[in-house]
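Structure file entry_25.txt (compact mmCIF, C-alpha atoms and all ligand atoms) is printed below.
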```txt
# COMPACT_ATOMS: atom_id res chain seq x y z
CA MET A 86 5.15 -22.81 -21.22
CA ASP A 87 8.14 -20.83 -19.92
CA ALA A 88 7.70 -18.31 -22.70
CA THR A 89 4.06 -17.91 -21.71
CA MET A 90 5.06 -17.20 -18.14
CA THR A 91 7.49 -14.50 -19.32
CA ALA A 92 4.77 -12.85 -21.37
CA GLN A 93 2.62 -12.89 -18.26
CA ALA A 94 5.01 -10.73 -16.25
CA ALA A 95 2.33 -8.23 -15.31
CA ASP A 96 2.18 -4.80 -16.77
CA THR A 97 1.40 -2.16 -14.18
CA VAL A 98 0.52 0.70 -16.51
CA SER A 99 -3.10 0.78 -17.54
CA SER A 100 -3.44 4.28 -18.91
CA ILE A 101 -5.46 5.10 -22.01
CA PHE A 102 -2.57 7.43 -22.91
CA SER A 103 -0.11 4.59 -23.49
CA PRO A 104 -1.98 2.56 -26.10
CA VAL A 105 -0.45 -0.58 -27.61
CA SER A 106 -3.28 -1.54 -29.94
CA THR A 107 -4.99 0.00 -32.96
CA PRO A 108 -8.39 1.03 -31.60
CA ALA A 109 -6.83 2.29 -28.36
CA ALA A 110 -4.24 4.36 -30.26
CA ARG A 111 -6.88 6.09 -32.41
CA GLU A 112 -8.98 6.76 -29.29
CA ALA A 113 -5.97 8.13 -27.39
CA ASP A 114 -5.17 10.54 -30.27
CA LEU A 115 -8.78 11.74 -30.22
CA ALA A 116 -8.78 12.13 -26.42
CA ARG A 117 -5.56 14.15 -26.63
CA MET A 118 -7.02 16.44 -29.29
CA VAL A 119 -10.17 17.01 -27.20
CA LEU A 120 -8.08 17.73 -24.10
CA TRP A 121 -5.85 20.21 -25.96
CA LEU A 122 -8.83 22.03 -27.45
CA SER A 123 -10.50 22.13 -24.04
CA ALA A 124 -7.27 23.43 -22.50
CA VAL A 125 -7.15 26.27 -25.04
CA VAL A 126 -10.80 27.16 -24.33
CA PHE A 127 -10.10 27.03 -20.59
CA VAL A 128 -7.08 29.33 -20.85
CA VAL A 129 -8.87 31.84 -23.11
CA VAL A 130 -12.09 31.98 -21.04
CA GLY A 131 -10.27 31.84 -17.69
CA GLY A 132 -7.82 34.50 -18.93
CA LEU A 133 -10.60 36.87 -20.00
CA ILE A 134 -12.38 36.41 -16.66
CA ALA A 135 -9.16 37.02 -14.71
CA TYR A 136 -8.38 40.08 -16.83
CA SER A 137 -11.89 41.51 -16.29
CA VAL A 138 -11.80 40.86 -12.56
CA VAL A 139 -8.53 42.76 -12.21
CA ARG A 140 -9.04 45.46 -14.84
CA PHE A 141 -12.59 46.38 -13.93
CA ARG A 142 -12.56 46.00 -10.17
CA ALA A 143 -14.04 48.90 -8.19
CA PRO A 144 -11.36 51.56 -7.57
CA ALA A 145 -10.58 52.20 -3.92
CA GLY A 146 -12.92 54.72 -2.35
CA GLU A 147 -15.65 54.32 -4.94
CA GLN A 148 -17.66 51.54 -3.25
CA GLY A 149 -21.39 51.38 -3.93
CA SER A 150 -21.66 53.27 -7.21
CA GLU A 151 -23.03 51.28 -10.16
CA PRO A 152 -20.74 50.83 -13.20
CA PRO A 153 -21.98 51.90 -16.68
CA GLN A 154 -24.55 49.37 -18.01
CA VAL A 155 -23.95 48.15 -21.57
CA TYR A 156 -26.69 46.36 -23.52
CA GLY A 157 -26.14 44.33 -26.66
CA SER A 158 -23.23 44.04 -29.07
CA ALA A 159 -23.87 42.23 -32.33
CA GLN A 160 -20.15 41.54 -32.98
CA VAL A 161 -19.39 40.14 -29.53
CA GLU A 162 -22.52 37.99 -29.50
CA ALA A 163 -21.82 36.66 -32.98
CA ALA A 164 -18.25 35.81 -31.95
CA TRP A 165 -19.21 33.93 -28.78
CA THR A 166 -21.83 31.99 -30.69
CA ALA A 167 -19.77 31.18 -33.78
CA VAL A 168 -16.49 30.17 -32.12
CA PRO A 169 -17.98 27.55 -29.75
CA LEU A 170 -20.15 26.28 -32.61
CA ILE A 171 -17.08 25.75 -34.78
CA ILE A 172 -15.25 24.01 -31.92
CA ILE A 173 -18.19 21.69 -31.32
CA ILE A 174 -18.51 20.86 -35.02
CA VAL A 175 -14.77 20.05 -35.18
CA LEU A 176 -15.05 17.79 -32.11
CA MET A 177 -18.15 16.12 -33.52
CA LEU A 178 -16.58 15.39 -36.91
CA ALA A 179 -13.32 14.13 -35.38
CA THR A 180 -15.20 11.86 -32.94
CA GLY A 181 -17.57 10.60 -35.63
CA ARG A 182 -14.64 9.72 -37.86
CA VAL A 183 -12.85 7.68 -35.19
CA ILE A 184 -16.06 5.89 -34.13
CA HIS A 185 -16.83 5.07 -37.74
CA GLU A 186 -13.30 3.85 -38.47
CA ILE A 187 -13.40 1.51 -35.49
CA GLN A 188 -16.95 0.22 -35.88
CA ALA A 189 -16.87 -0.16 -39.64
CA ALA A 190 -13.59 -2.11 -39.69
CA SER A 191 -14.29 -5.33 -41.54
CA GLN A 192 -13.04 -8.62 -40.21
CA PRO A 193 -10.15 -9.96 -42.31
CA PRO A 194 -10.23 -13.73 -43.05
CA ASN A 195 -7.17 -14.39 -40.86
CA ALA A 196 -8.65 -12.64 -37.79
CA VAL A 197 -8.75 -14.62 -34.56
CA GLU A 198 -12.36 -15.03 -33.41
CA VAL A 199 -13.20 -15.02 -29.73
CA THR A 200 -16.47 -15.08 -27.83
CA VAL A 201 -16.35 -13.49 -24.40
CA VAL A 202 -19.24 -14.13 -22.01
CA GLY A 203 -19.54 -11.87 -18.98
CA ARG A 204 -20.58 -13.68 -15.80
CA GLN A 205 -20.87 -12.72 -12.13
CA TRP A 206 -17.89 -12.24 -11.64
CA TRP A 207 -15.56 -13.65 -14.23
CA TRP A 208 -14.99 -13.86 -17.97
CA GLU A 209 -15.71 -16.97 -19.99
CA ILE A 210 -13.52 -17.00 -23.11
CA HIS A 211 -14.09 -19.24 -26.17
CA TYR A 212 -12.21 -19.55 -29.43
CA PRO A 213 -14.97 -21.31 -31.44
CA LYS A 214 -12.78 -21.99 -34.49
CA LEU A 215 -9.77 -23.11 -32.48
CA GLY A 216 -11.65 -25.31 -30.01
CA VAL A 217 -10.22 -23.53 -26.97
CA VAL A 218 -12.08 -22.53 -23.81
CA THR A 219 -10.45 -20.53 -21.04
CA ALA A 220 -11.27 -17.83 -18.50
CA ASN A 221 -10.24 -14.34 -17.46
CA GLU A 222 -6.96 -14.23 -19.42
CA LEU A 223 -7.47 -13.55 -23.11
CA HIS A 224 -4.54 -14.67 -25.28
CA VAL A 225 -4.21 -12.95 -28.65
CA PRO A 226 -1.46 -12.81 -31.26
CA VAL A 227 0.59 -9.63 -31.69
CA SER A 228 -0.28 -8.02 -35.00
CA ASP A 229 2.57 -6.56 -37.04
CA SER A 230 2.03 -4.06 -39.84
CA ALA A 231 3.58 -6.39 -42.47
CA ASN A 232 1.14 -9.15 -41.59
CA PRO A 233 -1.78 -7.69 -39.61
CA GLN A 234 -3.84 -10.13 -37.57
CA PRO A 235 -6.51 -8.49 -35.41
CA THR A 236 -8.70 -10.37 -32.93
CA PHE A 237 -12.47 -9.89 -33.24
CA LEU A 238 -14.52 -10.29 -30.08
CA THR A 239 -18.18 -11.27 -29.79
CA LEU A 240 -19.43 -10.06 -26.43
CA GLU A 241 -22.34 -11.65 -24.58
CA SER A 242 -23.60 -11.83 -21.03
CA ALA A 243 -25.00 -14.76 -19.07
CA ASP A 244 -26.57 -12.62 -16.36
CA VAL A 245 -26.34 -8.83 -15.99
CA ALA A 246 -24.62 -6.03 -17.92
CA HIS A 247 -20.80 -6.01 -17.75
CA SER A 248 -18.23 -3.99 -19.68
CA PHE A 249 -15.03 -5.24 -21.28
CA TRP A 250 -12.21 -2.75 -20.74
CA VAL A 251 -8.46 -3.13 -21.15
CA PRO A 252 -7.40 0.53 -21.37
CA ARG A 253 -4.14 0.07 -23.32
CA VAL A 254 -5.80 -2.18 -25.89
CA ALA A 255 -9.26 -0.77 -26.67
CA GLY A 256 -12.12 1.33 -25.35
CA LYS A 257 -14.96 -0.11 -23.31
CA THR A 258 -17.71 -2.24 -24.83
CA ASP A 259 -20.66 -3.48 -22.81
CA LEU A 260 -21.71 -7.12 -22.54
CA ILE A 261 -25.50 -7.10 -22.37
CA PRO A 262 -27.92 -10.00 -21.75
CA ASN A 263 -29.79 -11.05 -24.91
CA LYS A 264 -27.72 -8.76 -27.09
CA THR A 265 -24.51 -9.46 -28.98
CA ASN A 266 -21.90 -6.72 -29.18
CA ARG A 267 -18.75 -6.75 -31.25
CA MET A 268 -15.34 -5.18 -30.83
CA TRP A 269 -11.81 -5.83 -32.03
CA VAL A 270 -8.30 -5.48 -30.70
CA GLU A 271 -4.96 -5.42 -32.43
CA PRO A 272 -1.98 -5.26 -30.05
CA ARG A 273 1.30 -4.23 -31.66
CA GLU A 274 3.55 -5.14 -28.72
CA ALA A 275 3.83 -8.36 -26.77
CA GLY A 276 2.85 -8.06 -23.13
CA THR A 277 0.21 -8.64 -20.51
CA TYR A 278 -2.30 -5.81 -20.33
CA LEU A 279 -4.55 -5.38 -17.33
CA GLY A 280 -8.21 -4.55 -17.53
CA GLN A 281 -11.39 -4.87 -15.58
CA CYS A 282 -15.14 -4.96 -15.79
CA ALA A 283 -16.24 -1.36 -16.23
CA GLU A 284 -19.96 -1.60 -15.55
CA TYR A 285 -21.29 -2.15 -12.03
CA CYS A 286 -22.55 -5.74 -12.02
CA GLY A 287 -23.02 -6.66 -8.35
CA THR A 288 -21.03 -7.37 -5.20
CA GLN A 289 -17.76 -8.39 -6.85
CA HIS A 290 -17.71 -5.99 -9.78
CA THR A 291 -14.42 -4.80 -8.21
CA LEU A 292 -12.73 -8.19 -8.51
CA MET A 293 -13.95 -8.93 -12.01
CA LEU A 294 -10.46 -8.39 -13.37
CA LEU A 295 -9.31 -9.19 -16.83
CA ARG A 296 -6.03 -9.44 -18.70
CA ILE A 297 -5.00 -9.65 -22.32
CA VAL A 298 -1.84 -11.62 -23.03
CA ALA A 299 -0.50 -10.51 -26.43
CA GLU A 300 2.05 -12.99 -27.78
CA PRO A 301 4.09 -13.30 -30.98
CA PRO A 302 2.09 -15.44 -33.46
CA ASP A 303 4.26 -18.58 -33.05
CA GLN A 304 3.95 -18.41 -29.28
CA PHE A 305 0.19 -17.87 -29.58
CA ALA A 306 -0.02 -20.94 -31.86
CA ARG A 307 1.83 -23.01 -29.23
CA TRP A 308 -0.54 -21.75 -26.55
CA VAL A 309 -3.56 -22.78 -28.68
CA GLU A 310 -2.03 -26.21 -29.30
CA GLN A 311 -1.45 -26.69 -25.58
CA GLN A 312 -4.96 -25.50 -24.63
CA ARG A 313 -6.55 -27.97 -27.07
CA GLN A 314 -5.13 -30.96 -25.21
CA ALA A 315 -7.26 -32.88 -22.74
CA ALA A 316 -6.21 -32.65 -19.12
CA ALA A 317 -3.05 -34.49 -18.14
CA ALA A 318 -3.76 -37.82 -16.43
CA ALA A 319 -2.41 -38.13 -12.90
CA PRO A 320 -0.24 -41.21 -12.27
CA ALA A 321 -2.22 -43.97 -10.52
CA ASP A 322 -1.75 -44.13 -6.72
CA SER A 323 -0.46 -40.54 -6.64
CA VAL A 324 -1.91 -37.90 -4.32
CA ALA A 325 -3.12 -36.12 -7.45
CA ALA A 326 -5.03 -39.24 -8.54
CA ALA A 327 -6.71 -39.30 -5.12
CA GLY A 328 -7.49 -35.60 -5.58
CA ARG A 329 -8.98 -36.35 -8.97
CA ARG A 330 -11.37 -38.80 -7.30
CA VAL A 331 -12.30 -36.10 -4.76
CA PHE A 332 -12.92 -33.65 -7.59
CA LEU A 333 -15.06 -36.03 -9.61
CA GLY A 334 -16.89 -37.26 -6.51
CA THR A 335 -18.03 -33.85 -5.23
CA VAL A 336 -20.30 -31.21 -6.69
CA CYS A 337 -17.26 -29.52 -8.32
CA THR A 338 -18.45 -31.24 -11.48
CA SER A 339 -21.81 -29.48 -11.50
CA CYS A 340 -20.08 -26.18 -12.28
CA HIS A 341 -16.71 -26.93 -13.88
CA THR A 342 -15.29 -28.67 -16.92
CA VAL A 343 -12.06 -30.65 -17.07
CA ALA A 344 -11.72 -31.94 -20.65
CA GLY A 345 -11.28 -35.70 -20.79
CA THR A 346 -13.28 -36.30 -17.57
CA ASP A 347 -16.97 -36.46 -16.69
CA ALA A 348 -16.82 -32.85 -15.48
CA ARG A 349 -18.50 -30.96 -18.30
CA ALA A 350 -20.46 -28.14 -16.65
CA ARG A 351 -19.99 -24.57 -17.76
CA TYR A 352 -21.35 -22.53 -14.90
CA GLY A 353 -17.86 -21.89 -13.53
CA PRO A 354 -14.50 -21.49 -15.32
CA ASP A 355 -13.10 -24.38 -17.38
CA LEU A 356 -10.32 -25.92 -15.30
CA THR A 357 -8.69 -28.14 -17.96
CA HIS A 358 -5.60 -25.91 -18.10
CA LEU A 359 -6.12 -24.03 -14.86
CA MET A 360 -2.40 -23.85 -14.09
CA SER A 361 -1.61 -22.13 -17.40
CA ARG A 362 -3.32 -19.06 -15.97
CA ALA A 363 -1.47 -16.55 -13.81
CA THR A 364 -4.39 -15.78 -11.53
CA ILE A 365 -7.53 -17.36 -10.09
CA ALA A 366 -10.95 -15.95 -9.26
CA ALA A 367 -10.84 -13.44 -12.14
CA GLY A 368 -7.59 -11.89 -10.98
CA ALA A 369 -8.47 -11.85 -7.27
CA ALA A 370 -5.36 -13.89 -6.31
CA PRO A 371 -2.17 -15.25 -7.89
CA ASN A 372 -2.54 -18.85 -9.04
CA THR A 373 -0.46 -20.62 -6.38
CA ARG A 374 -0.92 -23.68 -4.17
CA GLU A 375 -1.61 -21.40 -1.18
CA SER A 376 -4.27 -19.39 -3.04
CA LEU A 377 -5.91 -22.56 -4.36
CA LEU A 378 -6.07 -24.04 -0.87
CA ALA A 379 -7.51 -20.85 0.59
CA TRP A 380 -9.90 -20.49 -2.33
CA VAL A 381 -11.39 -23.97 -2.25
CA ARG A 382 -11.51 -23.95 1.58
CA ASN A 383 -13.63 -20.81 1.55
CA PRO A 384 -13.89 -18.78 -1.67
CA ASP A 385 -15.67 -16.01 0.18
CA ASN A 386 -12.49 -15.16 2.12
CA LEU A 387 -10.64 -14.27 -1.08
CA LYS A 388 -13.59 -12.77 -2.90
CA HIS A 389 -16.53 -11.76 -0.76
CA GLY A 390 -19.89 -12.51 -2.33
CA VAL A 391 -18.49 -14.99 -4.86
CA LEU A 392 -21.05 -17.47 -6.17
CA MET A 393 -18.76 -20.47 -5.63
CA PRO A 394 -19.75 -22.08 -2.31
CA ALA A 395 -17.39 -23.42 0.34
CA MET A 396 -17.55 -27.18 -0.14
CA GLN A 397 -16.75 -28.03 3.51
CA ILE A 398 -14.20 -30.56 2.29
CA ASP A 399 -12.17 -32.29 4.98
CA GLU A 400 -8.59 -30.81 5.09
CA LYS A 401 -7.01 -34.10 4.02
CA TYR A 402 -9.21 -34.30 0.92
CA LEU A 403 -8.78 -30.58 0.31
CA HIS A 404 -5.00 -31.05 0.03
CA GLN A 405 -5.47 -33.99 -2.35
CA LEU A 406 -7.90 -31.95 -4.44
CA VAL A 407 -5.47 -29.03 -4.72
CA GLU A 408 -2.68 -31.47 -5.60
CA TYR A 409 -4.87 -32.57 -8.51
CA LEU A 410 -5.64 -28.98 -9.58
CA LEU A 411 -1.89 -28.31 -9.67
CA THR A 412 -1.52 -31.00 -12.36
CA LEU A 413 -3.98 -29.21 -14.70
CA ARG A 414 -1.29 -27.47 -16.73
CU1 LIG B 501 -18.95 -7.35 -14.40
CU2 LIG B 501 -18.79 -5.20 -13.35
```

Using structure tokens, write down the structure from this file.
Ligand code: CUA
Amino acid sequence: MDATMTAQAADTVSSIFSPVSTPAAREADLARMVLWLSAVVFVVVGGLIAYSVVRFRAPAGEQGSEPPQVYGSAQVEAAWTAVPLIIIIVLMLATGRVIHEIQAASQPPNAVEVTVVGRQWWWEIHYPKLGVVTANELHVPVSDSANPQPTFLTLESADVAHSFWVPRVAGKTDLIPNKTNRMWVEPREAGTYLGQCAEYCGTQHTLMLLRIVAEPPDQFARWVEQQRQAAAAAPADSVAAAGRRVFLGTVCTSCHTVAGTDARARYGPDLTHLMSRATIAAGAAPNTRESLLAWVRNPDNLKHGVLMPAMQIDEKYLHQLVEYLLTLR
């Protein structure tokens, strides 16, 4: 648990030029090559224009006279056709190679399998083979070159088009209703990498944040083990136990799951291990008692347009309810 929290110390860099994962690294190399080639073209073309502007400007006192008109030059025309053509072919081949390498990568037997479902406005995350369900914070093992272990993602959408993007880990892939997309990630360094939905999907597209927590394999295994447990039972007569009754007695259960209780709905995030996550509301707020209180009191204040309604729970019951949520570790 403590180790997980350390790994969740947020990373503030989210540049495609500091990749930590195989697909992102290949894409960053390609982007750099394209930028360098474009820079050379820019300098050559801009340089020629600047030279011509200076060299062939009208001499003082000769305003109004027309310069000599030159028509046609086979060599010059051939050069400015051939050179750009070669550059474009080089860019096309280099891009095609990287796309092919990434898309054709076959899934090794030890790969971690994850299904990510885009929803307005959060990420549902399943590990079908591991029996884990979580939200918004994707845990994956770090892959080392001696013993590579990539994570393969199946991407689906429950409503509109979204796009999965964690810049340091991999390029964007859309999540499209009634279509299944695939992508894979392979972080080489432990850390928490920030991402976000990259396809406009409605009012709170902005706060559809995402993070990948890459952990050493043993730590990842401990996380899986912990996530597989049913929710901790609150001691009888505790405030949390009262909160549990509030939770199970209101419509919370028509959207959320807490494993080991009658709450089994999947419309909202699974709350069984809510407190193992660093944030709530798809990254809109840190996961603290204060945020939880504010969130349940009126979700719209933290995330305008959110589909979770304000339950109008009496303050006393609200505090009990949050006390219960705090036990979902
Ligand atoms: Cu989901 Cu933008």

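Every residue having at least one atom no farther than 7 Å from ligand LIG 501 (chain B) is included below, with all atoms listed in the file taken into account: A:Gly203, A:Arg204, A:Gln205, A:Trp206, A:Ala246, A:His247, A:Ser248, A:Cys282, A:Ala283, A:Glu284, A:Tyr285, A:Cys286, A:Gly287, A:His290, A:Thr291, A:Met293.
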
Counting all atoms listed in the file, figure out which residue out of A:Ser137, A:Ser339, A:Thr277, A:Ser361 gets nearest to Arg296 in chain A.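 Comparing A:Ser137, A:Ser339, A:Thr277, A:Ser361 against Arg296 in chain A, the winner is A:Thr277.
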
Return the single residue from A:Leu295, A:Ser158, A:Asn383, A:Val217 that is closest to Glu310 in chain A, with distances computed using only C-alpha atoms.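 Ranked by minimum distance to Glu310 in chain A, first place goes to A:Val217.
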
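Shortest separation to Gln314 in chain A among A:Ala395, A:Leu215, A:Ala366, A:Leu411 occurs at residue A:Leu215, atoms counted being all atoms listed in the file.
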
Taking only C-alpha atoms into account, which of A:Arg313, A:Arg414, A:Arg382, A:His404 comes nearest Val218 in chain A?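 When distances to Val218 in chain A are compared using only C-alpha atoms, the smallest one comes from A:Arg313.
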
When you look at Ser106 in chain A with a cut-off of 10 Å (counting all atoms listed in the file), what residues show up, excluding the ones that are within fewer than 3 positions of it in the same chain? I need them as a short mmCIF file (atom, residue, chain, number, x, y, z; two decimals) with C-alpha atoms, in the coordinates of the input.
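Listed below is the output, part_26.cif:
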```cif
data_model
loop_
_atom_site.label_atom_id
_atom_site.label_comp_id
_atom_site.auth_asym_id
_atom_site.auth_seq_id
_atom_site.Cartn_x
_atom_site.Cartn_y
_atom_site.Cartn_z
CA SER A 103 -0.11 4.59 -23.49
CA ALA A 109 -6.83 2.29 -28.36
CA ALA A 110 -4.24 4.36 -30.26
CA ARG A 111 -6.88 6.09 -32.41
CA VAL A 227 0.59 -9.63 -31.69
CA SER A 228 -0.28 -8.02 -35.00
CA PRO A 235 -6.51 -8.49 -35.41
CA PRO A 252 -7.40 0.53 -21.37
CA ARG A 253 -4.14 0.07 -23.32
CA VAL A 254 -5.80 -2.18 -25.89
CA ALA A 255 -9.26 -0.77 -26.67
CA TRP A 269 -11.81 -5.83 -32.03
CA VAL A 270 -8.30 -5.48 -30.70
CA GLU A 271 -4.96 -5.42 -32.43
CA PRO A 272 -1.98 -5.26 -30.05
CA ARG A 273 1.30 -4.23 -31.66
CA GLU A 274 3.55 -5.14 -28.72
#
```
